[in-house]
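Written below as structure tokens is the structure these notes are about.
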Amino acid sequence: MSRSENIAVVESYLNGLARKDLSSVPFAPGIAFEGPLMPKLVGRETILGFLTSILPFIKGIEIKQHIVDGDYVATVFDMETINGVDHVMDLCHVVDGELKEVSAFYYPSQGPR
């Protein structure tokens, strides 16, 4: 897949989070998701369950930059939550037009300032 096609897959994921609608995100059946404060989750339904549980906390997403290396897209973005703004970098592995793996790295907000 091309650079722009891989970015489009990642943006569908991030835009889905911002819209609180993940129905158009092309998750691979065996997708894996890992974050700094949680164990690795595997499987489309497991990931959808987790992401759906956090949607009420998300107010918006502002994409800052994509860095692409083959099938990997690292995206830097700010996620506005009900507790403030988290600075996030997701490393996504895109395979055949599907999101295969997401590794999230972030600095959580310290609440209102």
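Residue numbers start at 1 in each chain; chains themselves are named A, B, ... in the order of the structure tokens; ligands are numbered from 1 in the order shown.
Residues in contact range of stretch 71-86 of chain A, defined as at most 6 Å between only C-alpha atoms, with sequence neighbours fewer than 3 positions away removed, read Phe57, Ile58, Lys59, Gly60, Ile61, Glu62, Ile63, Lys64, Gln65, His66, Ile67, Val68, Met89, Asp90, Leu91, Cys92, His93, Val94, Tyr107, Pro108, Ser109 and Gly111 of chain A.
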Give the alpha helix (DSSP H) residues of stretch 21-79 of chain A, as assigned by DSSP on the backbone, as a ChimeraX atom specification.
/A:44-54
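Interatomic distance, atom CA of A:Glu11 to atom CA of A:Val25: 9.0 Å.
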A:Val95 surroundings by only C-alpha atoms, 9 Å radius, close-in-sequence under 2 positions cut, as a PyMOL selection string:
chain A and resi 1+6+28+71-72+93+97-100
Can I get the selected residues back with N, CA and C atoms, as a PDB file, in the first residue's frame?
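As a result, result04.pdb now contains:
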ATOM      1  N   MET A   1       0.834  -1.182   0.000  1.00  0.00           N
ATOM      2  CA  MET A   1       0.000   0.000   0.000  1.00  0.00           C
ATOM      3  C   MET A   1       0.875   1.240   0.000  1.00  0.00           C
ATOM      4  N   ASN A   6      -1.818   4.163   3.779  1.00  0.00           N
ATOM      5  CA  ASN A   6      -1.560   3.775   5.167  1.00  0.00           C
ATOM      6  C   ASN A   6      -1.975   4.890   6.133  1.00  0.00           C
ATOM      7  N   ALA A  28      -8.081  -5.178  11.723  1.00  0.00           N
ATOM      8  CA  ALA A  28      -7.796  -6.565  11.350  1.00  0.00           C
ATOM      9  C   ALA A  28      -8.412  -7.479  12.410  1.00  0.00           C
ATOM     10  N   ASP A  71       5.033  -0.108   6.199  1.00  0.00           N
ATOM     11  CA  ASP A  71       3.707  -0.412   6.726  1.00  0.00           C
ATOM     12  C   ASP A  71       3.469   0.183   8.110  1.00  0.00           C
ATOM     13  N   TYR A  72       4.416   0.945   8.625  1.00  0.00           N
ATOM     14  CA  TYR A  72       4.290   1.535   9.955  1.00  0.00           C
ATOM     15  C   TYR A  72       4.034   3.036   9.850  1.00  0.00           C
ATOM     16  N   HIS A  93       0.659  -0.394  12.854  1.00  0.00           N
ATOM     17  CA  HIS A  93       1.089  -1.293  11.791  1.00  0.00           C
ATOM     18  C   HIS A  93      -0.126  -1.548  10.908  1.00  0.00           C
ATOM     19  N   GLY A  97      -4.382  -2.796   4.136  1.00  0.00           N
ATOM     20  CA  GLY A  97      -5.487  -1.872   4.341  1.00  0.00           C
ATOM     21  C   GLY A  97      -6.198  -2.014   5.671  1.00  0.00           C
ATOM     22  N   GLU A  98      -5.646  -2.830   6.575  1.00  0.00           N
ATOM     23  CA  GLU A  98      -6.259  -3.017   7.891  1.00  0.00           C
ATOM     24  C   GLU A  98      -5.291  -2.629   8.998  1.00  0.00           C
ATOM     25  N   LEU A  99      -5.851  -2.140  10.077  1.00  0.00           N
ATOM     26  CA  LEU A  99      -5.064  -1.792  11.253  1.00  0.00           C
ATOM     27  C   LEU A  99      -4.756  -3.083  12.006  1.00  0.00           C
ATOM     28  N   LYS A 100      -3.482  -3.461  12.015  1.00  0.00           N
ATOM     29  CA  LYS A 100      -3.058  -4.745  12.590  1.00  0.00           C
ATOM     30  C   LYS A 100      -2.562  -4.596  14.025  1.00  0.00           C
TER      31      LYS A 100
END
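Of the residues listed (A:Pro36, A:Gly16, A:Pro56, A:Gly30), A:Pro36 shows the shortest atom-to-atom separation from A:Tyr106; distances use only C-alpha atoms.
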As a PyMOL selection string, which residues of chain A does DSSP assign to strand (DSSP E or B)?
chain A and resi 27-34+41-42+58-69+72-81+84-95+98-107
Skip A:Lys40 itself and residues of its chain fewer than 3 positions away, then list as a ChimeraX atom specification all residues within 12 Å of it, counting only C-alpha atoms.
/A:31-37,43,46-47,50,101-104
Can I get the selection written as an mmCIF file, in the first residue's frame, with N, CA, C and O atoms?
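Contents of again.cif, as written:
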data_model
loop_
_atom_site.group_PDB
_atom_site.id
_atom_site.type_symbol
_atom_site.label_atom_id
_atom_site.label_comp_id
_atom_site.auth_asym_id
_atom_site.auth_seq_id
_atom_site.Cartn_x
_atom_site.Cartn_y
_atom_site.Cartn_z
ATOM 1 N N ILE A 31 -6.158 -7.851 15.523
ATOM 2 C CA ILE A 31 -5.489 -6.610 15.928
ATOM 3 C C ILE A 31 -5.007 -6.700 17.375
ATOM 4 O O ILE A 31 -5.658 -7.310 18.224
ATOM 5 N N ALA A 32 -3.852 -6.076 17.615
ATOM 6 C CA ALA A 32 -3.303 -5.980 18.971
ATOM 7 C C ALA A 32 -3.201 -4.506 19.346
ATOM 8 O O ALA A 32 -2.889 -3.667 18.501
ATOM 9 N N PHE A 33 -3.485 -4.213 20.615
ATOM 10 C CA PHE A 33 -3.418 -2.849 21.123
ATOM 11 C C PHE A 33 -2.678 -2.881 22.442
ATOM 12 O O PHE A 33 -2.968 -3.712 23.300
ATOM 13 N N GLU A 34 -1.721 -1.953 22.582
ATOM 14 C CA GLU A 34 -0.937 -1.900 23.807
ATOM 15 C C GLU A 34 -0.693 -0.459 24.199
ATOM 16 O O GLU A 34 -0.401 0.376 23.351
ATOM 17 N N GLY A 35 -0.840 -0.172 25.478
ATOM 18 C CA GLY A 35 -0.574 1.160 26.004
ATOM 19 C C GLY A 35 0.304 1.052 27.232
ATOM 20 O O GLY A 35 0.504 -0.033 27.770
ATOM 21 N N PRO A 36 0.813 2.194 27.697
ATOM 22 C CA PRO A 36 1.767 2.170 28.815
ATOM 23 C C PRO A 36 1.156 1.769 30.162
ATOM 24 O O PRO A 36 1.871 1.306 31.034
ATOM 25 N N LEU A 37 -0.133 1.903 30.316
ATOM 26 C CA LEU A 37 -0.756 1.617 31.609
ATOM 27 C C LEU A 37 -1.722 0.439 31.555
ATOM 28 O O LEU A 37 -2.600 0.311 32.404
ATOM 29 N N GLY A 43 -7.434 -8.978 19.469
ATOM 30 C CA GLY A 43 -8.704 -9.376 18.873
ATOM 31 C C GLY A 43 -9.619 -8.185 18.633
ATOM 32 O O GLY A 43 -9.705 -7.275 19.446
ATOM 33 N N THR A 46 -12.338 -7.494 21.311
ATOM 34 C CA THR A 46 -11.724 -7.026 22.559
ATOM 35 C C THR A 46 -11.319 -5.567 22.436
ATOM 36 O O THR A 46 -11.580 -4.752 23.332
ATOM 37 N N ILE A 47 -10.684 -5.222 21.308
ATOM 38 C CA ILE A 47 -10.236 -3.844 21.079
ATOM 39 C C ILE A 47 -11.443 -2.912 20.983
ATOM 40 O O ILE A 47 -11.448 -1.822 21.566
ATOM 41 N N PHE A 50 -12.805 -2.235 24.432
ATOM 42 C CA PHE A 50 -11.973 -1.297 25.177
ATOM 43 C C PHE A 50 -12.149 0.123 24.659
ATOM 44 O O PHE A 50 -12.389 1.059 25.431
ATOM 45 N N GLU A 101 -1.944 -3.447 14.329
ATOM 46 C CA GLU A 101 -1.386 -3.251 15.661
ATOM 47 C C GLU A 101 -1.314 -1.766 15.982
ATOM 48 O O GLU A 101 -0.984 -0.952 15.125
ATOM 49 N N VAL A 102 -1.617 -1.426 17.239
ATOM 50 C CA VAL A 102 -1.492 -0.056 17.730
ATOM 51 C C VAL A 102 -0.734 -0.105 19.045
ATOM 52 O O VAL A 102 -1.118 -0.824 19.968
ATOM 53 N N SER A 103 0.358 0.640 19.107
ATOM 54 C CA SER A 103 1.100 0.832 20.355
ATOM 55 C C SER A 103 1.009 2.302 20.698
ATOM 56 O O SER A 103 1.471 3.151 19.940
ATOM 57 N N ALA A 104 0.384 2.595 21.839
ATOM 58 C CA ALA A 104 0.137 3.981 22.232
ATOM 59 C C ALA A 104 1.150 4.420 23.285
ATOM 60 O O ALA A 104 1.434 3.688 24.229
#
Could you name the residues that touch A:Tyr13 at 9 Å or less, counting only C-alpha atoms, but leaving out those on the same chain fewer than 2 positions away, as a PyMOL selection string?
chain A and resi 8-11+15-18+22+24-27+99
